[in-house]
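Here's protein_32.cif, which has mmCIF, C-alpha atoms:
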```cif
data_work
loop_
_atom_site.label_atom_id
_atom_site.label_comp_id
_atom_site.auth_asym_id
_atom_site.auth_seq_id
_atom_site.Cartn_x
_atom_site.Cartn_y
_atom_site.Cartn_z
CA MET A 1 -57.15 128.29 28.05
CA GLY A 2 -56.57 128.76 31.78
CA ILE A 3 -56.57 124.99 32.35
CA LEU A 4 -54.21 124.42 29.42
CA ASN A 5 -51.94 127.16 30.70
CA ARG A 6 -51.83 125.61 34.20
CA LEU A 7 -51.24 122.17 32.68
CA PHE A 8 -48.37 123.54 30.58
CA LYS A 9 -46.81 125.25 33.60
CA GLY A 10 -47.24 122.07 35.62
CA VAL A 11 -45.42 119.99 32.99
CA ILE A 12 -42.64 122.57 32.75
CA SER A 13 -42.24 122.60 36.54
CA LEU A 14 -41.61 118.84 36.50
CA PHE A 15 -38.46 119.44 34.49
CA ARG A 16 -37.41 122.63 36.22
CA LYS A 17 -34.62 122.49 38.78
CA LYS A 18 -35.90 122.73 42.34
CA GLN A 19 -33.49 125.48 43.20
CA LEU A 20 -31.91 128.05 40.90
CA SER A 21 -28.38 129.14 41.69
CA ILE A 22 -27.93 132.84 41.08
CA GLY A 23 -24.47 134.36 41.26
CA ILE A 24 -24.01 137.98 42.25
CA TYR A 25 -21.09 139.23 40.18
CA GLY A 26 -19.32 142.50 39.47
CA PRO A 27 -16.21 144.54 40.13
CA PRO A 28 -15.12 145.33 43.72
CA ASN A 29 -17.20 147.89 45.60
CA ALA A 30 -20.17 147.74 43.21
CA GLY A 31 -22.39 146.73 46.15
CA LYS A 32 -22.64 142.96 45.65
CA THR A 33 -22.68 142.02 49.32
CA THR A 34 -25.02 144.91 50.15
CA LEU A 35 -27.39 143.50 47.53
CA ALA A 36 -26.96 139.92 48.79
CA ASN A 37 -27.73 141.15 52.31
CA ARG A 38 -30.80 143.05 51.10
CA ILE A 39 -32.17 140.01 49.25
CA THR A 40 -31.53 137.52 52.08
CA ARG A 41 -32.80 139.94 54.76
CA ASP A 42 -35.99 140.51 52.78
CA TRP A 43 -36.72 136.81 52.26
CA THR A 44 -34.96 134.92 55.06
CA GLY A 45 -34.55 137.59 57.73
CA LYS A 46 -30.76 137.20 57.90
CA PRO A 47 -27.94 139.03 56.06
CA MET A 48 -25.18 137.17 54.24
CA GLY A 49 -21.93 138.99 54.90
CA LYS A 50 -19.99 141.97 56.12
CA THR A 51 -19.72 145.06 53.94
CA SER A 52 -16.98 147.68 53.85
CA GLU A 53 -15.90 150.72 51.88
CA ILE A 54 -12.49 149.05 51.49
CA PRO A 55 -12.41 147.03 48.25
CA HIS A 56 -12.25 143.22 48.38
CA GLU A 57 -14.11 142.87 51.67
CA THR A 58 -15.67 139.67 50.30
CA ARG A 59 -12.78 137.34 49.56
CA ARG A 60 -14.59 134.00 49.64
CA ALA A 61 -17.83 133.16 47.86
CA LYS A 62 -20.78 132.83 50.21
CA GLU A 63 -23.86 130.79 49.53
CA ARG A 64 -27.35 131.06 50.99
CA LYS A 65 -29.80 128.33 50.10
CA GLU A 66 -33.60 128.35 50.28
CA VAL A 67 -34.14 132.00 49.47
CA ILE A 68 -37.74 131.81 48.32
CA ILE A 69 -38.75 134.94 46.44
CA LYS A 70 -42.40 135.68 45.77
CA ALA A 71 -43.16 138.29 43.13
CA ALA A 72 -45.55 138.89 40.24
CA GLY A 73 -47.72 135.96 41.34
CA SER A 74 -44.85 133.44 41.25
CA LYS A 75 -42.64 131.84 43.86
CA ILE A 76 -39.10 130.66 43.13
CA ASN A 77 -36.55 128.97 45.34
CA PHE A 78 -33.14 130.58 44.82
CA ASN A 79 -29.67 129.68 45.95
CA ILE A 80 -27.91 133.06 46.23
CA ILE A 81 -24.12 133.13 45.78
CA ASP A 82 -22.31 136.32 46.75
CA THR A 83 -18.99 136.25 44.89
CA PRO A 84 -15.77 138.22 45.49
CA GLY A 85 -15.27 141.21 43.21
CA ILE A 86 -13.50 140.47 39.94
CA ALA A 87 -10.48 142.66 39.17
CA THR A 88 -7.58 142.59 36.72
CA LYS A 89 -5.14 144.02 39.27
CA ILE A 90 -4.72 144.07 43.03
CA ASP A 91 -2.27 146.37 44.79
CA PHE A 92 -1.96 145.98 48.55
CA HIS A 93 -0.51 149.50 48.79
CA ASN A 94 -3.98 150.90 48.02
CA PHE A 95 -5.25 149.43 51.28
CA VAL A 96 -2.37 151.02 53.16
CA GLU A 97 -2.34 154.43 51.48
CA GLU A 98 -6.07 154.99 50.96
CA PHE A 99 -7.50 153.23 53.97
CA GLY A 100 -4.69 153.33 56.54
CA MET A 101 -4.41 149.57 56.83
CA LYS A 102 -1.28 148.01 58.38
CA GLU A 103 1.05 146.56 55.72
CA GLU A 104 0.92 142.98 56.95
CA LYS A 105 -2.87 143.03 57.01
CA ALA A 106 -3.00 144.71 53.59
CA ARG A 107 -0.73 142.07 52.07
CA GLU A 108 -2.88 139.29 53.51
CA ARG A 109 -6.04 140.99 52.19
CA ALA A 110 -4.52 141.35 48.70
CA LYS A 111 -3.39 137.72 48.66
CA GLN A 112 -6.85 136.53 49.69
CA ALA A 113 -8.40 138.87 47.11
CA THR A 114 -6.47 137.19 44.28
CA GLU A 115 -7.77 133.82 45.48
CA GLY A 116 -11.27 135.29 45.69
CA VAL A 117 -11.18 136.37 42.03
CA ILE A 118 -10.21 132.83 41.01
CA GLU A 119 -13.03 131.40 43.12
CA ALA A 120 -15.56 133.80 41.61
CA ILE A 121 -14.51 132.75 38.10
CA LYS A 122 -14.85 129.06 39.04
CA TRP A 123 -18.37 129.63 40.33
CA LEU A 124 -19.47 130.70 36.84
CA ASP A 125 -19.59 126.97 35.96
CA ASN A 126 -22.16 126.35 38.69
CA VAL A 127 -24.72 129.12 38.37
CA ASP A 128 -28.01 129.17 36.47
CA GLY A 129 -28.19 132.94 36.18
CA VAL A 130 -26.33 136.09 37.17
CA LEU A 131 -27.11 139.39 38.80
CA LEU A 132 -24.35 141.58 37.40
CA VAL A 133 -23.95 144.53 39.76
CA MET A 134 -22.62 147.82 38.39
CA ASP A 135 -22.09 151.11 40.15
CA SER A 136 -24.41 153.59 38.40
CA ALA A 137 -22.05 156.43 39.21
CA LEU A 138 -19.11 154.87 37.34
CA ASP A 139 -18.21 154.21 33.71
CA PRO A 140 -20.00 150.97 32.73
CA PHE A 141 -17.41 150.16 30.03
CA ASN A 142 -14.74 149.06 32.48
CA GLN A 143 -12.95 145.92 31.35
CA VAL A 144 -14.36 143.73 34.11
CA ASN A 145 -17.96 144.52 33.14
CA VAL A 146 -17.26 144.01 29.44
CA THR A 147 -15.39 140.74 30.02
CA LEU A 148 -18.09 139.42 32.32
CA ILE A 149 -20.89 140.32 29.91
CA GLY A 150 -19.02 138.57 27.08
CA ASN A 151 -18.58 135.43 29.15
CA LEU A 152 -22.16 135.36 30.38
CA GLU A 153 -23.39 135.70 26.80
CA ALA A 154 -21.02 133.01 25.55
CA ARG A 155 -22.30 130.69 28.29
CA LYS A 156 -25.90 131.71 27.53
CA LEU A 157 -26.51 132.49 31.21
CA PRO A 158 -29.60 134.61 31.87
CA THR A 159 -28.33 137.95 33.17
CA ILE A 160 -29.92 140.91 34.88
CA ILE A 161 -27.80 144.02 35.16
CA VAL A 162 -28.32 145.66 38.53
CA ALA A 163 -27.62 149.39 38.25
CA ASN A 164 -26.82 149.91 41.92
CA LYS A 165 -26.43 153.23 43.79
CA PHE A 166 -28.87 154.92 41.40
CA ASP A 167 -29.81 157.36 44.17
CA LEU A 168 -26.38 159.01 44.06
CA LYS A 169 -26.26 162.48 42.51
CA GLU A 170 -23.77 161.47 39.82
CA ALA A 171 -25.55 158.16 39.00
CA SER A 172 -26.69 157.42 35.46
CA PRO A 173 -28.47 154.06 35.08
CA ALA A 174 -29.44 155.20 31.56
CA THR A 175 -25.76 155.03 30.56
CA ILE A 176 -25.65 151.39 31.67
CA LYS A 177 -28.83 150.62 29.70
CA GLU A 178 -27.34 152.23 26.60
CA ALA A 179 -24.06 150.36 27.06
CA PHE A 180 -25.65 146.91 27.34
CA PRO A 181 -29.08 147.14 25.69
CA GLN A 182 -29.25 143.37 25.19
CA HIS A 183 -29.88 142.74 28.91
CA PRO A 184 -32.58 143.97 31.29
CA THR A 185 -31.22 146.72 33.54
CA ILE A 186 -32.87 147.39 36.89
CA PRO A 187 -31.90 150.57 38.80
CA ILE A 188 -31.79 150.02 42.55
CA SER A 189 -30.21 151.22 45.76
CA ALA A 190 -29.30 148.04 47.64
CA LEU A 191 -28.33 150.12 50.64
CA LYS A 192 -31.64 151.95 50.91
CA GLY A 193 -33.85 149.28 49.38
CA TYR A 194 -35.11 151.42 46.51
CA GLY A 195 -36.18 149.52 43.40
CA MET A 196 -36.01 146.08 45.03
CA ASP A 197 -39.60 145.16 44.08
CA ASN A 198 -38.71 145.71 40.43
CA LEU A 199 -35.63 143.55 40.84
CA TYR A 200 -37.61 140.70 42.43
CA LYS A 201 -40.16 140.84 39.60
CA ALA A 202 -37.32 140.74 37.07
CA MET A 203 -35.66 137.79 38.86
CA VAL A 204 -38.87 135.79 38.75
CA LYS A 205 -39.46 136.74 35.11
CA TYR A 206 -35.97 136.15 33.70
CA PHE A 207 -34.66 133.36 35.93
CA GLY A 208 -37.89 131.48 36.57
CA MET B 1 4.43 156.13 46.57
CA GLU B 2 2.78 155.68 43.14
CA PRO B 3 2.49 151.95 42.22
CA LYS B 4 4.59 152.34 39.04
CA LYS B 5 7.42 154.12 40.85
CA ARG B 6 7.44 151.55 43.59
CA ILE B 7 7.34 148.56 41.26
CA MET B 8 9.90 150.00 38.85
CA LYS B 9 12.20 150.56 41.78
CA GLU B 10 11.66 146.96 42.92
CA ARG B 11 12.38 145.70 39.41
CA GLY B 12 15.33 147.99 38.77
CA GLU B 13 13.60 149.50 35.72
CA GLU B 14 14.18 153.15 36.46
CA GLY B 15 15.66 155.11 33.59
CA SER B 16 14.79 152.62 30.83
CA GLY B 17 12.07 152.97 28.16
CA ILE B 18 8.95 150.93 27.62
CA SER B 19 8.74 148.34 24.86
CA ILE B 20 5.51 148.39 22.88
CA ASP B 21 5.06 145.23 20.79
CA LEU B 22 2.48 145.08 18.01
CA ILE B 23 1.33 141.49 17.69
CA SER B 24 -0.29 140.44 14.42
CA THR B 25 -3.32 138.20 14.16
CA GLU B 26 -1.13 135.57 12.45
CA ARG B 27 1.34 135.52 15.36
CA LEU B 28 -1.48 135.16 17.88
CA GLU B 29 -3.05 132.33 15.90
CA GLU B 30 0.30 130.54 15.71
CA LEU B 31 0.47 130.63 19.50
CA GLY B 32 -2.75 128.63 19.83
CA ASN B 33 -3.19 127.45 23.41
CA GLU B 34 0.00 129.25 24.47
CA LYS B 35 -1.54 132.66 23.74
CA ILE B 36 -2.33 133.58 27.35
CA ARG B 37 1.04 132.30 28.59
CA PHE B 38 2.87 134.33 25.92
CA ILE B 39 0.92 137.53 26.70
CA LEU B 40 1.46 137.22 30.43
CA ASP B 41 5.18 136.46 30.06
CA GLN B 42 5.66 139.57 27.93
CA VAL B 43 3.59 141.77 30.24
CA LYS B 44 5.52 140.53 33.27
CA LYS B 45 8.70 141.67 31.50
CA GLY B 46 7.19 145.17 31.50
CA LYS B 47 6.09 145.21 27.85
CA VAL B 48 2.90 146.74 26.50
CA LEU B 49 1.32 144.59 23.78
CA VAL B 50 -0.99 145.85 21.06
CA LEU B 51 -2.95 142.86 19.76
CA GLU B 52 -4.24 143.29 16.23
CA LYS B 53 -7.04 140.87 17.06
CA GLY B 54 -7.86 140.93 20.74
CA LEU B 55 -8.88 138.11 23.00
CA THR B 56 -12.28 136.51 23.17
CA ALA B 57 -14.25 137.09 26.36
CA ALA B 58 -13.37 133.57 27.52
CA GLU B 59 -9.66 134.20 26.86
CA GLU B 60 -9.83 137.50 28.73
CA LEU B 61 -11.35 135.76 31.72
CA GLU B 62 -8.62 133.13 31.53
CA LEU B 63 -6.03 135.92 31.40
CA ILE B 64 -7.54 137.40 34.57
CA ARG B 65 -7.55 134.00 36.27
CA VAL B 66 -3.93 133.21 35.42
CA THR B 67 -2.89 136.76 36.32
CA MET B 68 -4.37 136.29 39.79
CA THR B 69 -2.27 133.18 40.32
CA GLU B 70 0.89 135.11 39.43
CA ILE B 71 0.46 138.40 41.29
CA ASP B 72 3.34 138.68 43.73
CA LEU B 73 2.27 141.96 45.40
CA ASP B 74 5.71 143.62 45.11
CA SER B 75 6.66 143.44 41.45
CA PHE B 76 3.52 142.41 39.54
CA ILE B 77 0.15 143.82 40.57
CA GLY B 78 -1.82 142.66 37.53
CA VAL B 79 -2.78 143.64 34.02
CA GLU B 80 -4.61 146.45 32.30
CA THR B 81 -6.50 145.39 29.17
CA PRO B 82 -8.21 148.23 27.33
CA GLY B 83 -9.79 147.03 24.11
CA PHE B 84 -12.94 146.72 22.06
CA THR B 85 -15.07 143.66 22.56
CA GLY B 86 -17.41 142.51 19.81
CA ASN B 87 -20.91 143.65 20.67
CA ILE B 88 -23.29 140.70 20.68
CA SER B 89 -26.26 142.94 19.89
CA ARG B 90 -24.60 143.75 16.55
CA ARG B 91 -24.04 140.17 15.43
CA THR B 92 -24.47 139.36 11.76
CA PHE B 93 -27.29 137.14 10.56
CA PHE B 94 -24.97 134.12 10.30
CA GLN B 95 -23.42 134.76 13.73
CA ARG B 96 -26.92 134.81 15.19
CA LEU B 97 -27.88 131.69 13.25
CA LEU B 98 -24.82 129.78 14.46
CA GLY B 99 -25.01 131.23 17.98
CA ARG B 100 -21.54 132.72 17.69
CA SER B 101 -20.17 135.85 19.28
CA PRO B 102 -18.68 138.56 17.08
CA PRO B 103 -14.90 138.25 16.67
CA PRO B 104 -12.72 140.13 19.16
CA ARG B 105 -11.30 143.50 18.18
CA MET B 106 -8.07 145.35 18.80
CA MET B 107 -6.75 145.23 22.35
CA VAL B 108 -3.86 146.59 24.38
CA VAL B 109 -2.46 144.55 27.27
CA GLY B 110 0.10 145.90 29.69
CA PRO B 111 1.31 145.72 33.26
CA ALA B 112 -1.08 147.55 35.58
CA HIS B 113 1.70 149.68 37.09
CA LEU B 114 2.56 151.15 33.67
CA LEU B 115 -0.68 151.18 31.68
CA LYS B 116 -3.80 152.95 32.80
CA THR B 117 -7.15 153.27 31.04
CA ILE B 118 -8.31 156.85 31.40
CA LYS B 119 -11.60 156.75 29.57
CA LYS B 120 -13.46 154.17 27.58
CA ASP B 121 -16.77 154.12 25.79
CA GLY B 122 -18.06 151.91 22.99
CA ARG B 123 -16.17 153.93 20.37
CA THR B 124 -13.04 155.41 21.91
CA ILE B 125 -10.45 154.35 24.45
CA GLU B 126 -8.03 156.75 26.05
CA ALA B 127 -5.08 155.15 27.80
CA LEU B 128 -2.00 156.39 29.53
CA ILE B 129 1.39 154.71 29.31
CA LEU B 130 3.66 155.78 32.12
CA THR B 131 7.27 155.79 30.94
CA ARG B 132 10.15 154.70 33.08
CA ASP B 133 12.23 157.75 32.17
CA GLU B 134 9.87 159.98 34.04
CA VAL B 135 10.10 158.28 37.38
CA VAL B 136 12.44 160.76 38.98
CA GLU B 137 10.72 163.75 37.41
CA GLU B 138 7.27 162.55 38.49
CA MET B 139 8.41 161.92 42.02
CA ALA B 140 9.06 165.63 42.21
CA GLN B 141 6.15 166.90 40.09
CA GLY B 142 3.38 164.32 40.48
CA PRO B 143 1.73 162.24 37.70
CA LYS B 144 2.19 163.44 34.13
CA GLU B 145 0.47 162.25 30.95
CA VAL B 146 2.96 160.83 28.49
CA THR B 147 1.01 159.00 25.85
CA SER B 148 -2.64 159.38 25.09
CA SER B 149 -4.18 157.25 22.38
CA ALA B 150 -7.62 157.54 20.85
CA VAL B 151 -8.47 154.41 18.90
CA PRO B 152 -11.44 154.35 16.50
CA GLY B 153 -14.24 152.03 17.56
CA PRO B 154 -16.33 149.65 15.47
CA GLU B 155 -18.70 152.32 14.20
CA GLU B 156 -15.93 154.49 12.88
CA GLU B 157 -14.27 151.90 10.70
#
```

If you took the structure in this file and wrote it as structure tokens, what would it be?
Amino acid sequence: MGILNRLFKGVISLFRKKQLSIGIYGPPNAGKTTLANRITRDWTGKPMGKTSEIPHETRRAKERKEVIIKAAGSKINFNIIDTPGIATKIDFHNFVEEFGMKEEKARERAKQATEGVIEAIKWLDNVDGVLLVMDSALDPFNQVNVTLIGNLEARKLPTIIVANKFDLKEASPATIKEAFPQHPTIPISALKGYGMDNLYKAMVKYFG
Amino acid sequence: MEPKKRIMKERGEEGSGISIDLISTERLEELGNEKIRFILDQVKKGKVLVLEKGLTAAEELELIRVTMTEIDLDSFIGVETPGFTGNISRRTFFQRLLGRSPPPRMMVVGPAHLLKTIKKDGRTIEALILTRDEVVEEMAQGPKEVTSSAVPGPEEE
């Protein structure tokens, strides 16, 4: 049985892509880049991008190749793509009024953010799986989450929902699980590193 | 300044009402490939659309993509799209067999400076439509709820 099992896995591996492209998706400020940094720091020693409390900090997709994750007795070579947050509206005045940004800079940020959303949508054609990051402290039924889930299902892309910031007092990963029971949901804190082992096991299991 | 006040001022909309158009399934089907263009054109005119049969997930994503290409920062900041999406976990036997998603459900689409989703769960959506008539009043008193709608979800039909 063991030999047959190894033989089967060996045959499968011949047809498997050498590297799996995994897109990190979600609305702005869900913690996508914090998660990307956590994953790449853990497995390559280097972070991917700058994080900020101001929405739309990531305005261009970033790609890190050769992220080899070892978990649950398996090893998989991932290509991690950190995508800009997807939004249905972008108002530069928010950057000025809520974060004290200069108007010219805020306008430039908003303009780049619209381009970032388009780029993130384009990347959906080039990924093999998705880590959909949601803020556990917020309503999971926001339109971006629902639209993304619908598209990922229509494209039959393997999806893991990452219930980020689960350490916050007001967090409720259970609400996310109830909202989208058809997908595995892994509660983590990308910032503090809690729950990452479970996420790596899930990535190997569902994407591998 | 509140986004709606600012944008309405830019667009010269102060003092006028908001048009709410109910769009039938037949009308949407007639539009075919022009559906997204039609919706966006109406929303950019400041209208709120109630779609009898909402958009598919792919159409919603296309609406977001096209919206992003047309945001002009001063007079159009995007769209708000509260609605019910068919839940894939509740597909019928034949939908599962054919690998199809459930059909889209009712949806509201409006300009983001006028329409705001307050609360949404799988069964109920509460949205706020900010009327133009209240601009001056709100500037003095702060935000005020004008319209609140609770729409029955799939389980309640």

Correct to one decimal, the distance CA of Gly110 (chain B)-CA of Thr81 (chain B) is 6.6 Å

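With all atoms listed in the file taken into account, chain B has B:Ala57, B:Ala58, B:Glu60, B:Leu61, B:Ile64, B:Arg65, B:Met68, B:Leu73, B:Ile77, B:Gly78, B:Val79, B:Glu80, B:Thr81, B:Pro82, B:Ser89, B:Ser101, B:Ala112, B:Lys120, B:Asp121 at most 7 Å from chain A.
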
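A straight line drawn from CA of Val67 (chain A) to CA of Ile176 (chain A) is 27.7 Å long.
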
Residues within 9 Å of Ile68 (chain A), please, as a list in words. Count all atoms listed in the file; anything in the same chain fewer than 5 positions from it doesn't count.
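Final neighbour list, sorted by chain and number: Trp43, Thr44, Lys75, Ile76, Asn77, Phe78 and Asn79 of chain A.
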
Neighbour residues at most 10 Å from (-21.9, 159.6, 41.4) (all atoms listed in the file) as an MDAnalysis selection string:
chainID A and resid 135:138 165:172

Mind writing the picked residues with C-alpha atoms as a short mmCIF file (atom, residue, chain, number, x, y, z; two decimals), in the frame of the given file?
```cif
data_model
loop_
_atom_site.label_atom_id
_atom_site.label_comp_id
_atom_site.auth_asym_id
_atom_site.auth_seq_id
_atom_site.Cartn_x
_atom_site.Cartn_y
_atom_site.Cartn_z
CA ASP A 135 -22.09 151.11 40.15
CA SER A 136 -24.41 153.59 38.40
CA ALA A 137 -22.05 156.43 39.21
CA LEU A 138 -19.11 154.87 37.34
CA LYS A 165 -26.43 153.23 43.79
CA PHE A 166 -28.87 154.92 41.40
CA ASP A 167 -29.81 157.36 44.17
CA LEU A 168 -26.38 159.01 44.06
CA LYS A 169 -26.26 162.48 42.51
CA GLU A 170 -23.77 161.47 39.82
CA ALA A 171 -25.55 158.16 39.00
CA SER A 172 -26.69 157.42 35.46
#
```

Smallest atom-to-atom distance to Gly46 (chain B): which of B:Val108, B:Leu31, B:Ile20, B:Ile118, using only C-alpha atoms?
B:Ile20
